[in-house]
Amino acid sequence: MRTMRFDILTLFPEMFYSPFEKSIIKRAIISKLIGIRVHNIRDFTKDKHRTTDDYPFGGGEGMVMKPEPIIEGIEVIKKEHQDARVILMTPQGVQFSQAEAKRLTSYKNLILVCGRYEGFDERIREFWVDEEISIGDYVLTGGELATMVVIDAVARLLPGVLGNDGSTDSFYQGILEYPQYTRPRFYRGKNVPEILLSGNHAKIARWRRKESLKRTSARRPDLLKKVMLSPEDDKLLAEISNDSDQELRR
Ligand code: 6GU
């Protein structure tokens, strides 16, 4: 077993306390599957006012994060973990995805740099940054929430973090999950599909695969184009399209 380490550079360390002190992530920390350390960028300033941002050269709106505290913070963390991968969290980065989460599990140490204000001094990118990540096409007030998203998605893929191995997740197989039910069997006139109570495992597996394909083709047809479908899947998709034609004719 090895511990995957996450070092975070932020101006708001408190933001990370509650999410990482709960449930699965907390358990993963206690069992040393992951280690998370939060560093305050302000602790790497050297001036009396502990300045982390300043006005943009050339004028314009907003403030820019100064290079020195971030660069020095990265260097201090790197002394302990020379081969740490440095990730700048910014809406200009490569869009995060399940495949990206999977890729990041191959690093032993990640340094995640969270920005605030209007952006980073461009020279930060030129010294130590290995890659830039965005979690989607919208703008957040800072990189902190995005960093939590990335750590959560990466950590749950590490062996031992979840009870199961995650191999049945939505997206693991490239298509959406089938509908799930638990007790009670009858609820406000809506009943659990009979087939799930039949005990016929082959039939249940087929029903679930068909429901997954149906849901994916309705909600995320883009995903269906990317995955490898078996001849059985093609048959199920033909049935689905047949079923909906029937539905229309009724
Ligand atoms: Cl990483 N940072 C900020 N500020 N906004 C974002 C983002 C990151 N990803 C999506 N929007």
# chains A, B, ... in the order shown; residues from 1 in each chain; ligands from 1
>>> closest_atom_pairs(of="chain A", to="ligand 1", cutoff="8 Å", atoms="only C-alpha atoms and all ligand atoms", output="JSON lines")
{"residue": "A:Leu88", "atom": "CA", "partner": "ligand 1", "partner_atom_place_in_ligand_line": "1 (Cl)", "distance": 7.5}
{"residue": "A:Met89", "atom": "CA", "partner": "ligand 1", "partner_atom_place_in_ligand_line": "1 (Cl)", "distance": 3.8}
{"residue": "A:Thr90", "atom": "CA", "partner": "ligand 1", "partner_atom_place_in_ligand_line": "1 (Cl)", "distance": 3.8}
{"residue": "A:Pro91", "atom": "CA", "partner": "ligand 1", "partner_atom_place_in_ligand_line": "7 (C)", "distance": 4.1}
{"residue": "A:Gln92", "atom": "CA", "partner": "ligand 1", "partner_atom_place_in_ligand_line": "7 (C)", "distance": 7.7}
{"residue": "A:Gly93", "atom": "CA", "partner": "ligand 1", "partner_atom_place_in_ligand_line": "1 (Cl)", "distance": 7.1}
{"residue": "A:Gln95", "atom": "CA", "partner": "ligand 1", "partner_atom_place_in_ligand_line": "9 (N)", "distance": 7.9}
{"residue": "A:Cys114", "atom": "CA", "partner": "ligand 1", "partner_atom_place_in_ligand_line": "2 (N)", "distance": 7.4}
{"residue": "A:Gly115", "atom": "CA", "partner": "ligand 1", "partner_atom_place_in_ligand_line": "4 (N)", "distance": 6.6}
{"residue": "A:Arg116", "atom": "CA", "partner": "ligand 1", "partner_atom_place_in_ligand_line": "4 (N)", "distance": 6.7}
{"residue": "A:Ile133", "atom": "CA", "partner": "ligand 1", "partner_atom_place_in_ligand_line": "1 (Cl)", "distance": 5.7}
{"residue": "A:Ser134", "atom": "CA", "partner": "ligand 1", "partner_atom_place_in_ligand_line": "9 (N)", "distance": 3.7}
{"residue": "A:Ile135", "atom": "CA", "partner": "ligand 1", "partner_atom_place_in_ligand_line": "9 (N)", "distance": 4.0}
{"residue": "A:Gly136", "atom": "CA", "partner": "ligand 1", "partner_atom_place_in_ligand_line": "10 (C)", "distance": 4.4}
{"residue": "A:Asp137", "atom": "CA", "partner": "ligand 1", "partner_atom_place_in_ligand_line": "10 (C)", "distance": 5.8}
{"residue": "A:Tyr138", "atom": "CA", "partner": "ligand 1", "partner_atom_place_in_ligand_line": "11 (N)", "distance": 4.8}
{"residue": "A:Val139", "atom": "CA", "partner": "ligand 1", "partner_atom_place_in_ligand_line": "5 (N)", "distance": 4.1}
{"residue": "A:Leu140", "atom": "CA", "partner": "ligand 1", "partner_atom_place_in_ligand_line": "5 (N)", "distance": 3.7}
{"residue": "A:Thr141", "atom": "CA", "partner": "ligand 1", "partner_atom_place_in_ligand_line": "4 (N)", "distance": 5.1}
{"residue": "A:Gly142", "atom": "CA", "partner": "ligand 1", "partner_atom_place_in_ligand_line": "4 (N)", "distance": 3.9}
{"residue": "A:Gly143", "atom": "CA", "partner": "ligand 1", "partner_atom_place_in_ligand_line": "2 (N)", "distance": 3.9}
{"residue": "A:Glu144", "atom": "CA", "partner": "ligand 1", "partner_atom_place_in_ligand_line": "2 (N)", "distance": 7.4}
{"residue": "A:Leu145", "atom": "CA", "partner": "ligand 1", "partner_atom_place_in_ligand_line": "8 (C)", "distance": 7.8}
{"residue": "A:Ala146", "atom": "CA", "partner": "ligand 1", "partner_atom_place_in_ligand_line": "1 (Cl)", "distance": 5.0}
{"residue": "A:Thr147", "atom": "CA", "partner": "ligand 1", "partner_atom_place_in_ligand_line": "1 (Cl)", "distance": 6.9}
>>> write_last_selection(atoms="N, CA and C atoms", output="PDB file, in the first residue's frame")
ATOM      1  N   LEU A  88      -2.068  23.893 -11.530  1.00  0.00           N
ATOM      2  CA  LEU A  88      -2.680  25.199 -11.303  1.00  0.00           C
ATOM      3  C   LEU A  88      -4.180  25.082 -11.587  1.00  0.00           C
ATOM      4  N   MET A  89      -5.002  25.459 -10.607  1.00  0.00           N
ATOM      5  CA  MET A  89      -6.445  25.375 -10.778  1.00  0.00           C
ATOM      6  C   MET A  89      -6.949  26.682 -11.382  1.00  0.00           C
ATOM      7  N   THR A  90      -7.451  26.614 -12.601  1.00  0.00           N
ATOM      8  CA  THR A  90      -7.890  27.823 -13.307  1.00  0.00           C
ATOM      9  C   THR A  90      -8.941  27.480 -14.365  1.00  0.00           C
ATOM     10  N   PRO A  91      -9.897  28.399 -14.580  1.00  0.00           N
ATOM     11  CA  PRO A  91     -10.894  28.134 -15.629  1.00  0.00           C
ATOM     12  C   PRO A  91     -10.267  28.023 -17.018  1.00  0.00           C
ATOM     13  N   GLN A  92      -8.983  28.388 -17.147  1.00  0.00           N
ATOM     14  CA  GLN A  92      -8.312  28.266 -18.454  1.00  0.00           C
ATOM     15  C   GLN A  92      -7.682  26.895 -18.672  1.00  0.00           C
ATOM     16  N   GLY A  93      -7.799  25.997 -17.668  1.00  0.00           N
ATOM     17  CA  GLY A  93      -7.131  24.701 -17.772  1.00  0.00           C
ATOM     18  C   GLY A  93      -7.863  23.686 -18.638  1.00  0.00           C
ATOM     19  N   GLN A  95     -10.188  20.634 -19.302  1.00  0.00           N
ATOM     20  CA  GLN A  95     -11.402  20.284 -18.549  1.00  0.00           C
ATOM     21  C   GLN A  95     -11.291  18.927 -17.850  1.00  0.00           C
ATOM     22  N   CYS A 114      -4.481  26.998  -5.671  1.00  0.00           N
ATOM     23  CA  CYS A 114      -5.781  27.643  -5.819  1.00  0.00           C
ATOM     24  C   CYS A 114      -5.616  29.144  -5.969  1.00  0.00           C
ATOM     25  N   GLY A 115      -6.215  29.691  -7.020  1.00  0.00           N
ATOM     26  CA  GLY A 115      -6.150  31.131  -7.238  1.00  0.00           C
ATOM     27  C   GLY A 115      -7.391  31.841  -6.738  1.00  0.00           C
ATOM     28  N   ARG A 116      -7.242  33.120  -6.500  1.00  0.00           N
ATOM     29  CA  ARG A 116      -8.356  34.014  -6.161  1.00  0.00           C
ATOM     30  C   ARG A 116      -8.193  35.219  -7.063  1.00  0.00           C
ATOM     31  N   ILE A 133      -5.794  22.802 -14.639  1.00  0.00           N
ATOM     32  CA  ILE A 133      -7.073  22.092 -14.675  1.00  0.00           C
ATOM     33  C   ILE A 133      -8.224  23.045 -14.372  1.00  0.00           C
ATOM     34  N   SER A 134      -9.310  22.877 -15.138  1.00  0.00           N
ATOM     35  CA  SER A 134     -10.586  23.555 -14.903  1.00  0.00           C
ATOM     36  C   SER A 134     -11.616  22.471 -14.635  1.00  0.00           C
ATOM     37  N   ILE A 135     -12.642  22.745 -13.823  1.00  0.00           N
ATOM     38  CA  ILE A 135     -13.656  21.696 -13.640  1.00  0.00           C
ATOM     39  C   ILE A 135     -14.891  21.921 -14.506  1.00  0.00           C
ATOM     40  N   GLY A 136     -14.892  22.952 -15.340  1.00  0.00           N
ATOM     41  CA  GLY A 136     -16.038  23.124 -16.233  1.00  0.00           C
ATOM     42  C   GLY A 136     -16.155  24.558 -16.710  1.00  0.00           C
ATOM     43  N   ASP A 137     -17.062  24.759 -17.636  1.00  0.00           N
ATOM     44  CA  ASP A 137     -17.192  26.070 -18.264  1.00  0.00           C
ATOM     45  C   ASP A 137     -18.117  26.996 -17.487  1.00  0.00           C
ATOM     46  N   TYR A 138     -17.651  27.416 -16.341  1.00  0.00           N
ATOM     47  CA  TYR A 138     -18.326  28.412 -15.508  1.00  0.00           C
ATOM     48  C   TYR A 138     -17.234  28.993 -14.624  1.00  0.00           C
ATOM     49  N   VAL A 139     -17.485  30.161 -14.046  1.00  0.00           N
ATOM     50  CA  VAL A 139     -16.425  30.805 -13.274  1.00  0.00           C
ATOM     51  C   VAL A 139     -16.745  30.777 -11.781  1.00  0.00           C
ATOM     52  N   LEU A 140     -15.811  30.263 -10.993  1.00  0.00           N
ATOM     53  CA  LEU A 140     -15.934  30.237  -9.535  1.00  0.00           C
ATOM     54  C   LEU A 140     -15.138  31.406  -8.957  1.00  0.00           C
ATOM     55  N   THR A 141     -15.393  31.726  -7.684  1.00  0.00           N
ATOM     56  CA  THR A 141     -14.662  32.844  -7.078  1.00  0.00           C
ATOM     57  C   THR A 141     -13.231  32.452  -6.731  1.00  0.00           C
ATOM     58  N   GLY A 142     -12.926  31.160  -6.774  1.00  0.00           N
ATOM     59  CA  GLY A 142     -11.563  30.720  -6.498  1.00  0.00           C
ATOM     60  C   GLY A 142     -11.407  29.257  -6.848  1.00  0.00           C
ATOM     61  N   GLY A 143     -10.169  28.770  -6.811  1.00  0.00           N
ATOM     62  CA  GLY A 143      -9.897  27.385  -7.196  1.00  0.00           C
ATOM     63  C   GLY A 143     -10.173  26.368  -6.093  1.00  0.00           C
ATOM     64  N   GLU A 144     -10.577  26.813  -4.893  1.00  0.00           N
ATOM     65  CA  GLU A 144     -10.719  25.893  -3.757  1.00  0.00           C
ATOM     66  C   GLU A 144     -11.772  24.805  -3.997  1.00  0.00           C
ATOM     67  N   LEU A 145     -12.968  25.210  -4.402  1.00  0.00           N
ATOM     68  CA  LEU A 145     -14.015  24.201  -4.626  1.00  0.00           C
ATOM     69  C   LEU A 145     -13.603  23.234  -5.731  1.00  0.00           C
ATOM     70  N   ALA A 146     -12.948  23.767  -6.759  1.00  0.00           N
ATOM     71  CA  ALA A 146     -12.486  22.919  -7.862  1.00  0.00           C
ATOM     72  C   ALA A 146     -11.455  21.901  -7.358  1.00  0.00           C
ATOM     73  N   THR A 147     -10.577  22.339  -6.466  1.00  0.00           N
ATOM     74  CA  THR A 147      -9.566  21.443  -5.893  1.00  0.00           C
ATOM     75  C   THR A 147     -10.218  20.317  -5.102  1.00  0.00           C
TER      76      THR A 147
END
>>> residues_around(residues="A:Met148", least_positions_apart="2", cutoff="12 Å", atoms="only C-alpha atoms", output="MDAnalysis selection string")
chainID A and resid 6:8 10 13 15:20 25 36 38 89 112:114 135 142:146 150:155
>>> closest_residue(among="A:Leu236, A:Leu223, A:Val86, A:Val192", to="A:Glu126", atoms="only C-alpha atoms")
A:Val86
>>> residues_around(residues="stretch 232-234 of chain A", least_positions_apart="6", cutoff="9 Å", atoms="only C-alpha atoms", output="ChimeraX atom specification")
/A:209-210,213
>>> write_last_selection(atoms="N, CA and C atoms", output="mmCIF file, in the first residue's frame")
data_model
loop_
_atom_site.group_PDB
_atom_site.id
_atom_site.type_symbol
_atom_site.label_atom_id
_atom_site.label_comp_id
_atom_site.auth_asym_id
_atom_site.auth_seq_id
_atom_site.Cartn_x
_atom_site.Cartn_y
_atom_site.Cartn_z
ATOM 1 N N ARG A 209 -28.709 -3.603 -18.119
ATOM 2 C CA ARG A 209 -27.910 -3.126 -19.247
ATOM 3 C C ARG A 209 -28.797 -2.338 -20.216
ATOM 4 N N LYS A 210 -29.994 -2.850 -20.457
ATOM 5 C CA LYS A 210 -30.915 -2.175 -21.372
ATOM 6 C C LYS A 210 -31.333 -0.814 -20.814
ATOM 7 N N LEU A 213 -28.487 1.627 -21.212
ATOM 8 C CA LEU A 213 -28.378 2.087 -22.603
ATOM 9 C C LEU A 213 -29.501 3.062 -22.938
#
>>> atom_distance(atom1="atom CA of A:Phe12", atom2="atom CA of A:Gly35")
18.6 Å
>>> select_by_dssp(residues="stretch 31-238 of chain A", states="strand (DSSP E)", output="PyMOL selection string")
chain A and resi 34-40+53-54+64-65+85-95+109-114+131-134+186-187+190-191
>>> write_last_selection(atoms="C-alpha atoms", output="PDB file, in the first residue's frame")
ATOM      1  CA  ILE A  34      -4.231   9.483   1.220  1.00  0.00           C
ATOM      2  CA  GLY A  35      -2.580  12.411   2.966  1.00  0.00           C
ATOM      3  CA  ILE A  36      -3.842  15.980   2.613  1.00  0.00           C
ATOM      4  CA  ARG A  37      -1.913  19.035   3.737  1.00  0.00           C
ATOM      5  CA  VAL A  38      -3.242  22.541   3.387  1.00  0.00           C
ATOM      6  CA  HIS A  39      -0.746  25.410   3.174  1.00  0.00           C
ATOM      7  CA  ASN A  40      -1.608  29.086   3.473  1.00  0.00           C
ATOM      8  CA  ASP A  53      -2.036  40.213  -4.641  1.00  0.00           C
ATOM      9  CA  ASP A  54      -1.333  43.469  -6.422  1.00  0.00           C
ATOM     10  CA  VAL A  64      -3.524  39.672  -9.695  1.00  0.00           C
ATOM     11  CA  MET A  65      -1.863  37.034  -7.511  1.00  0.00           C
ATOM     12  CA  ARG A  85       3.132  17.150  -9.999  1.00  0.00           C
ATOM     13  CA  VAL A  86       2.183  20.844  -9.831  1.00  0.00           C
ATOM     14  CA  ILE A  87      -1.351  21.679 -10.932  1.00  0.00           C
ATOM     15  CA  LEU A  88      -2.680  25.199 -11.303  1.00  0.00           C
ATOM     16  CA  MET A  89      -6.445  25.375 -10.778  1.00  0.00           C
ATOM     17  CA  THR A  90      -7.890  27.823 -13.307  1.00  0.00           C
ATOM     18  CA  PRO A  91     -10.894  28.134 -15.629  1.00  0.00           C
ATOM     19  CA  GLN A  92      -8.312  28.266 -18.454  1.00  0.00           C
ATOM     20  CA  GLY A  93      -7.131  24.701 -17.772  1.00  0.00           C
ATOM     21  CA  VAL A  94      -7.882  21.374 -19.435  1.00  0.00           C
ATOM     22  CA  GLN A  95     -11.402  20.284 -18.549  1.00  0.00           C
ATOM     23  CA  ASN A 109       2.234  13.605  -4.927  1.00  0.00           C
ATOM     24  CA  LEU A 110       0.087  16.406  -6.305  1.00  0.00           C
ATOM     25  CA  ILE A 111       0.488  20.092  -5.471  1.00  0.00           C
ATOM     26  CA  LEU A 112      -2.762  21.937  -6.192  1.00  0.00           C
ATOM     27  CA  VAL A 113      -2.548  25.715  -6.419  1.00  0.00           C
ATOM     28  CA  CYS A 114      -5.781  27.643  -5.819  1.00  0.00           C
ATOM     29  CA  GLU A 131      -0.493  21.415 -15.947  1.00  0.00           C
ATOM     30  CA  GLU A 132      -3.648  23.481 -15.522  1.00  0.00           C
ATOM     31  CA  ILE A 133      -7.073  22.092 -14.675  1.00  0.00           C
ATOM     32  CA  SER A 134     -10.586  23.555 -14.903  1.00  0.00           C
ATOM     33  CA  PHE A 186     -44.744  -0.517  -2.924  1.00  0.00           C
ATOM     34  CA  TYR A 187     -44.675   3.229  -2.392  1.00  0.00           C
ATOM     35  CA  LYS A 190     -45.169   3.330  -7.643  1.00  0.00           C
ATOM     36  CA  ASN A 191     -43.877  -0.216  -7.528  1.00  0.00           C
TER      37      ASN A 191
END
>>> residues_around(residues="A:Pro221", least_positions_apart="3", cutoff="12 Å", atoms="only C-alpha atoms", output="ChimeraX atom specification")
/A:174-176,212-218,224-227,237
>>> atom_distance(atom1="atom CA of A:Glu118", atom2="atom CA of A:Thr45")
19.3 Å
>>> residues_around(residues="A:Pro67", least_positions_apart="3", cutoff="12 Å", atoms="only C-alpha atoms", output="list in words")
Ile41, Arg42, Phe44, Thr45, Thr51, Thr52, Asp53, Asp54, Val64, Ile70, Ile71, Glu72, Gly73, Ile74, Val113, Gly115, Gly119, Phe120, Asp121, Glu122, Arg123, Ile124, Arg125, Glu126, Phe127 and Trp128 of chain A
>>> select_by_dssp(residues="stretch 93-236 of chain A", states="helix (DSSP H, G or I)", output="ChimeraX atom specification")
/A:98-104,123-127,144-155,194-197,201-219,221-226,231-236
>>> atom_distance(atom1="atom CA of A:Val149", atom2="atom CA of A:Arg103")
15.0 Å
>>> closest_residue(among="A:Val129, A:Met63, A:Ala205, A:Ala28", to="A:Leu162", atoms="only C-alpha atoms")
A:Ala28
